[in-house]
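Quick look at final-v6.pdb (PDB, C-alpha atoms):
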MODEL        1
ATOM      1  CA  MET A  24     191.371  48.960 168.353  1.00  0.00           C
ATOM      2  CA  ALA A  25     191.085  51.777 170.886  1.00  0.00           C
ATOM      3  CA  LYS A  26     191.728  54.306 168.141  1.00  0.00           C
ATOM      4  CA  SER A  27     189.157  52.667 165.866  1.00  0.00           C
ATOM      5  CA  GLU A  28     186.557  52.501 168.643  1.00  0.00           C
ATOM      6  CA  THR A  29     187.131  56.153 169.449  1.00  0.00           C
ATOM      7  CA  ALA A  30     186.631  57.064 165.823  1.00  0.00           C
ATOM      8  CA  ARG A  31     183.267  55.305 165.734  1.00  0.00           C
ATOM      9  CA  ARG A  32     182.013  56.961 168.969  1.00  0.00           C
ATOM     10  CA  PRO A  33     179.678  59.904 168.133  1.00  0.00           C
ATOM     11  CA  ARG A  34     180.867  63.308 169.231  1.00  0.00           C
ATOM     12  CA  THR A  35     178.681  65.685 171.196  1.00  0.00           C
ATOM     13  CA  SER A  36     177.987  68.860 169.226  1.00  0.00           C
ATOM     14  CA  LYS A  37     178.865  71.976 171.206  1.00  0.00           C
ATOM     15  CA  LYS A  38     176.328  73.925 169.188  1.00  0.00           C
ATOM     16  CA  THR A  39     173.524  71.518 170.029  1.00  0.00           C
ATOM     17  CA  SER A  40     174.419  71.586 173.731  1.00  0.00           C
ATOM     18  CA  SER A  41     174.459  75.370 173.733  1.00  0.00           C
ATOM     19  CA  VAL A  42     171.012  75.603 172.161  1.00  0.00           C
ATOM     20  CA  SER A  43     169.441  73.028 174.455  1.00  0.00           C
ATOM     21  CA  SER A  44     170.681  74.771 177.612  1.00  0.00           C
ATOM     22  CA  ALA A  45     169.339  78.211 176.662  1.00  0.00           C
ATOM     23  CA  PRO A  46     166.299  79.389 178.677  1.00  0.00           C
ATOM     24  CA  PRO A  47     162.968  79.491 176.836  1.00  0.00           C
ATOM     25  CA  ARG A  48     162.241  82.811 175.180  1.00  0.00           C
ATOM     26  CA  THR A  49     159.446  84.804 176.801  1.00  0.00           C
ATOM     27  CA  ALA A  50     156.764  86.471 174.743  1.00  0.00           C
ATOM     28  CA  SER A  51     157.363  90.160 174.179  1.00  0.00           C
ATOM     29  CA  ALA A  52     153.686  91.090 174.167  1.00  0.00           C
ATOM     30  CA  LYS A  53     152.117  92.001 177.513  1.00  0.00           C
ATOM     31  CA  THR A  54     149.755  89.337 178.778  1.00  0.00           C
ATOM     32  CA  GLU A  55     146.280  90.678 179.396  1.00  0.00           C
ATOM     33  CA  THR A  56     144.753  90.128 182.817  1.00  0.00           C
ATOM     34  CA  PRO A  57     141.568  88.020 182.764  1.00  0.00           C
ATOM     35  CA  TYR A  58     138.558  89.412 184.628  1.00  0.00           C
ATOM     36  CA  HIS A  59     134.977  88.398 185.103  1.00  0.00           C
ATOM     37  CA  HIS A  60     132.700  90.844 183.337  1.00  0.00           C
ATOM     38  CA  GLY A  61     131.417  92.301 186.612  1.00  0.00           C
ATOM     39  CA  ALA A  62     134.897  92.702 188.071  1.00  0.00           C
ATOM     40  CA  LEU A  63     136.384  94.381 185.001  1.00  0.00           C
ATOM     41  CA  ARG A  64     134.463  97.623 185.526  1.00  0.00           C
ATOM     42  CA  GLU A  65     135.721  97.881 189.107  1.00  0.00           C
ATOM     43  CA  ALA A  66     139.257  97.009 188.018  1.00  0.00           C
ATOM     44  CA  LEU A  67     139.160  99.773 185.405  1.00  0.00           C
ATOM     45  CA  LEU A  68     138.012 102.336 187.982  1.00  0.00           C
ATOM     46  CA  GLN A  69     140.779 101.287 190.362  1.00  0.00           C
ATOM     47  CA  ALA A  70     143.294 101.555 187.513  1.00  0.00           C
ATOM     48  CA  ALA A  71     141.921 104.995 186.614  1.00  0.00           C
ATOM     49  CA  GLU A  72     142.361 106.168 190.210  1.00  0.00           C
ATOM     50  CA  ARG A  73     145.986 104.996 190.217  1.00  0.00           C
ATOM     51  CA  VAL A  74     146.707 106.765 186.929  1.00  0.00           C
ATOM     52  CA  LEU A  75     144.997 109.956 188.125  1.00  0.00           C
ATOM     53  CA  GLU A  76     146.917 110.130 191.406  1.00  0.00           C
ATOM     54  CA  ARG A  77     150.226 109.255 189.721  1.00  0.00           C
ATOM     55  CA  ASP A  78     150.044 111.136 186.414  1.00  0.00           C
ATOM     56  CA  GLY A  79     147.403 113.791 187.006  1.00  0.00           C
ATOM     57  CA  LEU A  80     144.311 114.559 184.954  1.00  0.00           C
ATOM     58  CA  SER A  81     146.362 115.222 181.818  1.00  0.00           C
ATOM     59  CA  GLY A  82     147.713 111.673 181.940  1.00  0.00           C
ATOM     60  CA  LEU A  83     144.323 110.040 182.434  1.00  0.00           C
ATOM     61  CA  THR A  84     143.219 108.635 179.076  1.00  0.00           C
ATOM     62  CA  LEU A  85     141.211 105.574 178.098  1.00  0.00           C
ATOM     63  CA  ARG A  86     144.332 103.918 176.674  1.00  0.00           C
ATOM     64  CA  ALA A  87     146.350 104.700 179.814  1.00  0.00           C
ATOM     65  CA  VAL A  88     143.661 103.119 181.993  1.00  0.00           C
ATOM     66  CA  ALA A  89     143.481 100.017 179.810  1.00  0.00           C
ATOM     67  CA  ARG A  90     147.253  99.710 179.922  1.00  0.00           C
ATOM     68  CA  GLU A  91     147.276 100.127 183.712  1.00  0.00           C
ATOM     69  CA  ALA A  92     144.600  97.440 184.113  1.00  0.00           C
ATOM     70  CA  GLY A  93     146.295  95.110 181.630  1.00  0.00           C
ATOM     71  CA  VAL A  94     143.278  94.763 179.349  1.00  0.00           C
ATOM     72  CA  SER A  95     142.439  95.580 175.744  1.00  0.00           C
ATOM     73  CA  HIS A  96     142.189  99.217 174.693  1.00  0.00           C
ATOM     74  CA  ALA A  97     138.500  98.706 173.880  1.00  0.00           C
ATOM     75  CA  ALA A  98     137.539  97.718 177.442  1.00  0.00           C
ATOM     76  CA  PRO A  99     137.151 101.255 178.936  1.00  0.00           C
ATOM     77  CA  THR A 100     135.052 102.358 175.958  1.00  0.00           C
ATOM     78  CA  HIS A 101     132.809  99.315 176.360  1.00  0.00           C
ATOM     79  CA  HIS A 102     132.131 100.091 180.032  1.00  0.00           C
ATOM     80  CA  PHE A 103     132.143 103.918 180.131  1.00  0.00           C
ATOM     81  CA  GLY A 104     131.556 105.086 176.559  1.00  0.00           C
ATOM     82  CA  ASP A 105     134.121 107.879 176.460  1.00  0.00           C
ATOM     83  CA  LEU A 106     136.538 109.770 178.705  1.00  0.00           C
ATOM     84  CA  THR A 107     133.746 111.944 180.141  1.00  0.00           C
ATOM     85  CA  GLY A 108     131.906 108.798 181.158  1.00  0.00           C
ATOM     86  CA  LEU A 109     134.998 107.377 182.826  1.00  0.00           C
ATOM     87  CA  LEU A 110     135.743 110.646 184.671  1.00  0.00           C
ATOM     88  CA  SER A 111     132.129 110.893 185.832  1.00  0.00           C
ATOM     89  CA  GLU A 112     132.115 107.375 187.250  1.00  0.00           C
ATOM     90  CA  LEU A 113     135.508 107.987 188.854  1.00  0.00           C
ATOM     91  CA  ALA A 114     134.195 111.192 190.463  1.00  0.00           C
ATOM     92  CA  ALA A 115     131.247 109.183 191.817  1.00  0.00           C
ATOM     93  CA  VAL A 116     133.737 106.801 193.444  1.00  0.00           C
ATOM     94  CA  GLY A 117     135.532 109.815 194.903  1.00  0.00           C
ATOM     95  CA  PHE A 118     132.343 111.269 196.386  1.00  0.00           C
ATOM     96  CA  ARG A 119     131.462 107.909 197.953  1.00  0.00           C
ATOM     97  CA  GLN A 120     134.928 107.613 199.507  1.00  0.00           C
ATOM     98  CA  PHE A 121     134.711 111.245 200.623  1.00  0.00           C
ATOM     99  CA  ASN A 122     131.293 110.785 202.234  1.00  0.00           C
ATOM    100  CA  ALA A 123     132.360 107.582 203.982  1.00  0.00           C
ATOM    101  CA  ALA A 124     135.475 109.256 205.404  1.00  0.00           C
ATOM    102  CA  MET A 125     133.465 112.111 206.902  1.00  0.00           C
ATOM    103  CA  ALA A 126     130.758 109.799 208.271  1.00  0.00           C
ATOM    104  CA  SER A 127     133.386 107.575 209.883  1.00  0.00           C
ATOM    105  CA  ALA A 128     135.111 110.564 211.472  1.00  0.00           C
ATOM    106  CA  CYS A 129     131.839 111.783 212.963  1.00  0.00           C
ATOM    107  CA  ASP A 130     130.954 108.312 214.277  1.00  0.00           C
ATOM    108  CA  THR A 131     134.246 107.970 216.156  1.00  0.00           C
ATOM    109  CA  ALA A 132     134.208 111.459 217.721  1.00  0.00           C
ATOM    110  CA  ALA A 133     133.812 111.245 221.503  1.00  0.00           C
ATOM    111  CA  THR A 134     132.685 114.771 222.440  1.00  0.00           C
ATOM    112  CA  PRO A 135     130.309 117.370 220.975  1.00  0.00           C
ATOM    113  CA  LEU A 136     133.249 119.599 220.030  1.00  0.00           C
ATOM    114  CA  ALA A 137     135.088 116.708 218.408  1.00  0.00           C
ATOM    115  CA  ARG A 138     131.960 115.835 216.416  1.00  0.00           C
ATOM    116  CA  ALA A 139     131.624 119.449 215.264  1.00  0.00           C
ATOM    117  CA  LEU A 140     135.233 119.456 214.059  1.00  0.00           C
ATOM    118  CA  ALA A 141     135.288 115.897 212.702  1.00  0.00           C
ATOM    119  CA  ARG A 142     133.548 116.513 209.389  1.00  0.00           C
ATOM    120  CA  PRO A 143     135.581 119.516 208.178  1.00  0.00           C
ATOM    121  CA  LYS A 144     138.820 117.881 209.353  1.00  0.00           C
ATOM    122  CA  ALA A 145     137.963 114.703 207.457  1.00  0.00           C
ATOM    123  CA  TYR A 146     137.126 116.840 204.402  1.00  0.00           C
ATOM    124  CA  VAL A 147     140.627 118.323 204.349  1.00  0.00           C
ATOM    125  CA  ALA A 148     142.307 115.015 205.223  1.00  0.00           C
ATOM    126  CA  TYR A 149     140.645 113.231 202.294  1.00  0.00           C
ATOM    127  CA  ALA A 150     141.772 115.917 199.872  1.00  0.00           C
ATOM    128  CA  GLN A 151     145.354 115.687 201.159  1.00  0.00           C
ATOM    129  CA  ALA A 152     145.391 111.905 200.836  1.00  0.00           C
ATOM    130  CA  HIS A 153     143.667 111.844 197.419  1.00  0.00           C
ATOM    131  CA  PRO A 154     144.387 115.168 195.669  1.00  0.00           C
ATOM    132  CA  GLY A 155     143.694 113.784 192.201  1.00  0.00           C
ATOM    133  CA  MET A 156     140.322 112.334 193.139  1.00  0.00           C
ATOM    134  CA  TYR A 157     139.370 115.463 195.090  1.00  0.00           C
ATOM    135  CA  GLY A 158     140.283 117.632 192.119  1.00  0.00           C
ATOM    136  CA  ILE A 159     138.191 115.709 189.592  1.00  0.00           C
ATOM    137  CA  MET A 160     135.152 115.705 191.904  1.00  0.00           C
ATOM    138  CA  PHE A 161     134.870 119.480 191.452  1.00  0.00           C
ATOM    139  CA  ARG A 162     135.728 119.721 187.739  1.00  0.00           C
ATOM    140  CA  THR A 163     132.104 120.164 186.736  1.00  0.00           C
ATOM    141  CA  GLU A 164     132.964 120.989 183.121  1.00  0.00           C
ATOM    142  CA  ARG A 165     134.566 117.547 182.699  1.00  0.00           C
ATOM    143  CA  LEU A 166     131.707 115.559 184.256  1.00  0.00           C
ATOM    144  CA  ASP A 167     128.296 114.310 183.184  1.00  0.00           C
ATOM    145  CA  TYR A 168     125.865 114.831 186.053  1.00  0.00           C
ATOM    146  CA  SER A 169     123.081 113.047 184.166  1.00  0.00           C
ATOM    147  CA  ARG A 170     124.768 109.768 185.172  1.00  0.00           C
ATOM    148  CA  PRO A 171     122.800 108.441 188.177  1.00  0.00           C
ATOM    149  CA  SER A 172     125.828 107.235 190.135  1.00  0.00           C
ATOM    150  CA  LEU A 173     127.505 110.655 190.084  1.00  0.00           C
ATOM    151  CA  ARG A 174     124.325 112.609 190.769  1.00  0.00           C
ATOM    152  CA  GLU A 175     123.398 110.404 193.738  1.00  0.00           C
ATOM    153  CA  ALA A 176     126.902 110.493 195.262  1.00  0.00           C
ATOM    154  CA  ALA A 177     127.143 114.280 194.914  1.00  0.00           C
ATOM    155  CA  GLU A 178     123.672 114.800 196.374  1.00  0.00           C
ATOM    156  CA  ALA A 179     124.579 112.577 199.327  1.00  0.00           C
ATOM    157  CA  SER A 180     127.611 114.788 199.935  1.00  0.00           C
ATOM    158  CA  PHE A 181     125.461 117.928 199.961  1.00  0.00           C
ATOM    159  CA  ALA A 182     122.944 116.246 202.255  1.00  0.00           C
ATOM    160  CA  GLY A 183     125.707 115.459 204.724  1.00  0.00           C
ATOM    161  CA  LEU A 184     126.816 119.093 204.722  1.00  0.00           C
ATOM    162  CA  ALA A 185     123.255 120.359 205.135  1.00  0.00           C
ATOM    163  CA  ASN A 186     122.630 117.965 208.020  1.00  0.00           C
ATOM    164  CA  ALA A 187     125.846 119.058 209.753  1.00  0.00           C
ATOM    165  CA  ILE A 188     124.871 122.728 209.469  1.00  0.00           C
ATOM    166  CA  GLY A 189     121.367 121.891 210.697  1.00  0.00           C
ATOM    167  CA  MET A 190     122.793 120.221 213.791  1.00  0.00           C
ATOM    168  CA  MET A 191     124.949 123.263 214.512  1.00  0.00           C
ATOM    169  CA  ARG A 192     121.941 125.559 214.096  1.00  0.00           C
ATOM    170  CA  GLN A 193     119.733 123.109 216.011  1.00  0.00           C
ATOM    171  CA  GLU A 194     117.129 123.016 213.281  1.00  0.00           C
ATOM    172  CA  GLN A 195     115.970 120.700 210.527  1.00  0.00           C
ATOM    173  CA  ILE A 196     117.221 121.742 207.101  1.00  0.00           C
ATOM    174  CA  SER A 197     115.399 120.533 204.008  1.00  0.00           C
ATOM    175  CA  GLU A 198     117.643 119.643 201.090  1.00  0.00           C
ATOM    176  CA  ASP A 199     115.038 120.857 198.579  1.00  0.00           C
ATOM    177  CA  SER A 200     114.038 124.204 200.097  1.00  0.00           C
ATOM    178  CA  LEU A 201     116.343 126.491 202.090  1.00  0.00           C
ATOM    179  CA  THR A 202     115.792 129.786 203.819  1.00  0.00           C
ATOM    180  CA  LEU A 203     118.248 132.542 202.954  1.00  0.00           C
ATOM    181  CA  ASN A 204     119.941 132.198 206.329  1.00  0.00           C
ATOM    182  CA  GLN A 205     120.250 128.426 205.941  1.00  0.00           C
ATOM    183  CA  GLY A 206     121.701 128.796 202.465  1.00  0.00           C
ATOM    184  CA  ALA A 207     124.135 131.421 203.726  1.00  0.00           C
ATOM    185  CA  ALA A 208     125.254 129.146 206.578  1.00  0.00           C
ATOM    186  CA  ILE A 209     125.853 126.225 204.201  1.00  0.00           C
ATOM    187  CA  ALA A 210     127.661 128.382 201.650  1.00  0.00           C
ATOM    188  CA  ARG A 211     129.804 130.007 204.351  1.00  0.00           C
ATOM    189  CA  ALA A 212     130.883 126.665 205.823  1.00  0.00           C
ATOM    190  CA  TRP A 213     131.557 125.104 202.415  1.00  0.00           C
ATOM    191  CA  SER A 214     133.440 128.167 201.181  1.00  0.00           C
ATOM    192  CA  MET A 215     135.719 128.160 204.206  1.00  0.00           C
ATOM    193  CA  VAL A 216     136.504 124.448 204.123  1.00  0.00           C
ATOM    194  CA  HIS A 217     136.843 124.167 200.351  1.00  0.00           C
ATOM    195  CA  GLY A 218     138.823 127.405 200.128  1.00  0.00           C
ATOM    196  CA  PHE A 219     141.226 126.313 202.863  1.00  0.00           C
ATOM    197  CA  THR A 220     141.629 122.929 201.161  1.00  0.00           C
ATOM    198  CA  MET A 221     142.477 124.434 197.782  1.00  0.00           C
ATOM    199  CA  LEU A 222     144.955 126.906 199.296  1.00  0.00           C
ATOM    200  CA  LEU A 223     146.584 124.046 201.184  1.00  0.00           C
ATOM    201  CA  LEU A 224     146.849 121.781 198.125  1.00  0.00           C
ATOM    202  CA  ASP A 225     148.245 124.625 196.031  1.00  0.00           C
ATOM    203  CA  GLY A 226     150.886 125.479 198.653  1.00  0.00           C
ATOM    204  CA  ARG A 227     149.472 128.964 199.116  1.00  0.00           C
ATOM    205  CA  LEU A 228     149.395 128.810 202.940  1.00  0.00           C
ATOM    206  CA  GLU A 229     153.156 128.583 203.369  1.00  0.00           C
ATOM    207  CA  ASP A 230     153.523 132.334 203.839  1.00  0.00           C
ATOM    208  CA  ILE A 231     150.979 132.404 206.686  1.00  0.00           C
ATOM    209  CA  LEU A 232     152.403 129.260 208.302  1.00  0.00           C
ATOM    210  CA  GLY A 233     155.890 130.756 208.146  1.00  0.00           C
ATOM    211  CA  ARG A 234     154.740 133.708 210.271  1.00  0.00           C
ATOM    212  CA  LEU A 235     153.077 131.570 212.951  1.00  0.00           C
ATOM    213  CA  PRO A 236     154.771 130.090 216.044  1.00  0.00           C
ATOM    214  CA  GLU A 237     157.261 127.406 215.125  1.00  0.00           C
ATOM    215  CA  GLY A 238     155.694 123.993 214.713  1.00  0.00           C
ATOM    216  CA  THR A 239     152.229 125.231 213.814  1.00  0.00           C
ATOM    217  CA  THR A 240     150.766 122.735 211.351  1.00  0.00           C
ATOM    218  CA  PRO A 241     148.115 123.353 208.703  1.00  0.00           C
ATOM    219  CA  GLU A 242     145.775 121.149 210.768  1.00  0.00           C
ATOM    220  CA  ARG A 243     146.277 123.351 213.829  1.00  0.00           C
ATOM    221  CA  LEU A 244     145.669 126.487 211.765  1.00  0.00           C
ATOM    222  CA  PHE A 245     142.472 124.983 210.350  1.00  0.00           C
ATOM    223  CA  GLU A 246     141.214 123.995 213.784  1.00  0.00           C
ATOM    224  CA  ALA A 247     141.804 127.554 215.002  1.00  0.00           C
ATOM    225  CA  MET A 248     139.758 128.822 212.062  1.00  0.00           C
ATOM    226  CA  LEU A 249     136.910 126.491 212.947  1.00  0.00           C
ATOM    227  CA  VAL A 250     136.691 127.369 216.638  1.00  0.00           C
ATOM    228  CA  ALA A 251     137.565 131.075 216.558  1.00  0.00           C
ATOM    229  CA  PRO A 252     134.473 133.311 216.726  1.00  0.00           C
ATOM    230  CA  MET A 253     134.093 136.053 214.159  1.00  0.00           C
ATOM    231  CA  SER A 254     135.637 139.208 215.512  1.00  0.00           C
ATOM    232  CA  GLY A 255     135.384 142.833 214.585  1.00  0.00           C
ATOM    233  CA  LYS A 256     132.368 144.972 213.845  1.00  0.00           C
ATOM    234  CA  LEU A 257     130.452 145.415 210.654  1.00  0.00           C
ATOM    235  CA  PRO A 258     130.804 148.886 209.114  1.00  0.00           C
ATOM    236  CA  ALA A 259     127.993 151.276 209.885  1.00  0.00           C
TER     237      ALA A 259
ENDMDL
END
Would you mind giving the structure from this file in C-alpha cells?
Amino acid sequence: MAKSETARRPRTSKKTSSVSSAPPRTASAKTETPYHHGALREALLQAAERVLERDGLSGLTLRAVAREAGVSHAAPTHHFGDLTGLLSELAAVGFRQFNAAMASACDTAATPLARALARPKAYVAYAQAHPGMYGIMFRTERLDYSRPSLREAAEASFAGLANAIGMMRQEQISEDSLTLNQGAAIARAWSMVHGFTMLLLDGRLEDILGRLPEGTTPERLFEAMLVAPMSGKLPA
C-alpha cells in the first residue's frame, strides 16, 4: 500500500522549480527619463555641461548629450536645432553663471580693496572650477551670437567689466560709446585677467611659480599682479 501510494504521488520537477526561482530578466534597452516639456530643455543643458566638463569639446555631440540625459536622440535637435545652437545656449548659461559669481564676490567684499580685487579673483576662480564652460564661452567661431540669450548674457558680462573699470576711474562709462582712454583701460584689464587665466589653465605658469618663494600660489601671484603699480619708465 505504501509503495502504491508513493507511486501515485506526483513528483516535483527539478526543472520547473529551477525556472520558477530564477529572477525576472531585466530589459536590456536603457529606459528613457520622462521630463515635462519645459524641464527637458534645462535637463539637456545640464547634461551638456556635464559632458563638456568630463569629455571636453570634442566629446560634446548631440547624441552624447541625449545619452547623458537619458532621452531620445532627437530631443537636442528639437530644442536647439544643431550643435551650434546647443553650444550657443550652453555658452549663455556659462556667461550667466560667470556674471553671478563675480557679482556675488563683489557683494560680499568688506573693504574697498577687497571689492577692487573681488571681480578679477572671481573671474579666475570660475574658470578654474569650470574650465570647459569657460573655454566654450570664448570660442566665438563655434557660437551663434544672433541668439538673444547668448547676446544678452555676453553683453551683461561686458557691462559688468565696464562698470568695474568706471568705478576704479571714478567716472561713468557708457557701454555704447567709449573714449580711447576708457577703451584702453577696459582692454588692459581684460587682457591681463583673461591672459593670466589662460596661462594658468594651460599650465604655463609653472616655470614662474617654481622660481618664487616656496608656497606661493597662483592666487597669490595674481593678487600681486593686481595691486603692484606699473614700474619702469617708458622709452624716450
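With distances restricted to all atoms listed in the file, A:Asp105 is the closest residue to Asp167 (chain A) from A:Glu76, A:Asp130, A:Glu194, A:Asp105.
Proximity ranking of A:Ala66, A:Leu106, A:Ile188, A:Ala123 relative to Arg86 (chain A) places A:Leu106 first, based on all atoms listed in the file.
Going from CA of Gly117 (chain A) over to CA of Ile159 (chain A), you cover 8.4 Å.
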Mind working out the centre and edge lengths of an axis-aligned box for region 88-96 of chain A, all listed atoms inside, 3 Å added to each side, rounded to one decimal in Å and written as AutoDock Vina command-line options?
--center_x 144.7 --center_y 98.9 --center_z 179.4 --size_x 11.1 --size_y 14.4 --size_z 15.4
### Task
For Glu65 (chain A), please output as JSON, numbers by chain all residues within 12 Å (counting all atoms listed in the file; exclusion window: fewer than 5 positions along the same chain).
{"A": [58, 59, 60, 70, 71, 72, 88, 92, 98, 99, 102, 103, 109, 112, 113, 116]}
Can you write just those residues out, C-alpha atoms, as an mmCIF file, in the coordinates of the input?
data_model
loop_
_atom_site.group_PDB
_atom_site.id
_atom_site.type_symbol
_atom_site.label_atom_id
_atom_site.label_comp_id
_atom_site.auth_asym_id
_atom_site.auth_seq_id
_atom_site.Cartn_x
_atom_site.Cartn_y
_atom_site.Cartn_z
ATOM 1 C CA TYR A 58 138.558 89.412 184.628
ATOM 2 C CA HIS A 59 134.977 88.398 185.103
ATOM 3 C CA HIS A 60 132.700 90.844 183.337
ATOM 4 C CA ALA A 70 143.294 101.555 187.513
ATOM 5 C CA ALA A 71 141.921 104.995 186.614
ATOM 6 C CA GLU A 72 142.361 106.168 190.210
ATOM 7 C CA VAL A 88 143.661 103.119 181.993
ATOM 8 C CA ALA A 92 144.600 97.440 184.113
ATOM 9 C CA ALA A 98 137.539 97.718 177.442
ATOM 10 C CA PRO A 99 137.151 101.255 178.936
ATOM 11 C CA HIS A 102 132.131 100.091 180.032
ATOM 12 C CA PHE A 103 132.143 103.918 180.131
ATOM 13 C CA LEU A 109 134.998 107.377 182.826
ATOM 14 C CA GLU A 112 132.115 107.375 187.250
ATOM 15 C CA LEU A 113 135.508 107.987 188.854
ATOM 16 C CA VAL A 116 133.737 106.801 193.444
#
### Query
Where does the PyMOL selection byres ((chain A and resi 172) around 12) land in this file, that is, which residues does it pick, as a list of chain:residue names?
A:Gly108, A:Leu109, A:Leu110, A:Ser111, A:Glu112, A:Leu113, A:Ala114, A:Ala115, A:Val116, A:Gly117, A:Phe118, A:Arg119, A:Leu166, A:Asp167, A:Tyr168, A:Ser169, A:Arg170, A:Pro171, A:Leu173, A:Arg174, A:Glu175, A:Ala176, A:Ala177, A:Glu178, A:Ala179
Determine, counting all atoms listed in the file, which protein, DNA and RNA residues have an atom within 9 Å of an atom of region 200-206 of chain A; residues of the same chain fewer than 6 positions away are not included. Present the result as a CSV table (one decimal) with C-alpha atoms, in the coordinates of the input.
chain,number,residue,atom,x,y,z
A,185,ALA,CA,123.3,120.4,205.1
A,188,ILE,CA,124.9,122.7,209.5
A,189,GLY,CA,121.4,121.9,210.7
A,192,ARG,CA,121.9,125.6,214.1
Take region 144-159 of chain A, model N, CA, C and O atoms, and hand the result over as a tab-separated table (two decimals), in the frame of the given file.
chain	number	residue	atom	x	y	z
A	144	LYS	N	137.46	118.44	209.32
A	144	LYS	CA	138.82	117.88	209.35
A	144	LYS	C	138.95	116.70	208.40
A	144	LYS	O	139.96	116.56	207.69
A	145	ALA	N	137.93	115.84	208.37
A	145	ALA	CA	137.96	114.70	207.46
A	145	ALA	C	137.92	115.16	206.00
A	145	ALA	O	138.51	114.53	205.12
A	146	TYR	N	137.21	116.25	205.75
A	146	TYR	CA	137.13	116.84	204.40
A	146	TYR	C	138.54	117.17	203.90
A	146	TYR	O	138.95	116.77	202.81
A	147	VAL	N	139.27	117.91	204.73
A	147	VAL	CA	140.63	118.32	204.35
A	147	VAL	C	141.56	117.11	204.26
A	147	VAL	O	142.38	117.01	203.33
A	148	ALA	N	141.43	116.19	205.20
A	148	ALA	CA	142.31	115.02	205.22
A	148	ALA	C	142.12	114.16	203.97
A	148	ALA	O	143.10	113.65	203.41
A	149	TYR	N	140.87	114.01	203.52
A	149	TYR	CA	140.65	113.23	202.29
A	149	TYR	C	141.32	113.89	201.10
A	149	TYR	O	141.96	113.24	200.27
A	150	ALA	N	141.17	115.20	200.99
A	150	ALA	CA	141.77	115.92	199.87
A	150	ALA	C	143.29	115.80	199.89
A	150	ALA	O	143.92	115.67	198.83
A	151	GLN	N	143.90	115.84	201.07
A	151	GLN	CA	145.35	115.69	201.16
A	151	GLN	C	145.80	114.30	200.75
A	151	GLN	O	146.83	114.13	200.10
A	152	ALA	N	145.02	113.29	201.14
A	152	ALA	CA	145.39	111.90	200.84
A	152	ALA	C	145.09	111.53	199.39
A	152	ALA	O	145.77	110.68	198.81
A	153	HIS	N	144.09	112.18	198.78
A	153	HIS	CA	143.67	111.84	197.42
A	153	HIS	C	143.49	113.13	196.60
A	153	HIS	O	142.37	113.44	196.17
A	154	PRO	N	144.55	113.88	196.36
A	154	PRO	CA	144.39	115.17	195.67
A	154	PRO	C	143.83	115.04	194.26
A	154	PRO	O	143.08	115.90	193.80
A	155	GLY	N	144.21	113.97	193.56
A	155	GLY	CA	143.69	113.78	192.20
A	155	GLY	C	142.20	113.54	192.20
A	155	GLY	O	141.45	114.14	191.42
A	156	MET	N	141.75	112.64	193.06
A	156	MET	CA	140.32	112.33	193.14
A	156	MET	C	139.55	113.57	193.59
A	156	MET	O	138.49	113.89	193.04
A	157	TYR	N	140.05	114.27	194.60
A	157	TYR	CA	139.37	115.46	195.09
A	157	TYR	C	139.24	116.50	193.97
A	157	TYR	O	138.20	117.13	193.80
A	158	GLY	N	140.31	116.65	193.20
A	158	GLY	CA	140.28	117.63	192.12
A	158	GLY	C	139.24	117.32	191.07
A	158	GLY	O	138.50	118.21	190.62
A	159	ILE	N	139.13	116.05	190.66
A	159	ILE	CA	138.19	115.71	189.59
A	159	ILE	C	136.75	115.81	190.07
A	159	ILE	O	135.84	116.09	189.30
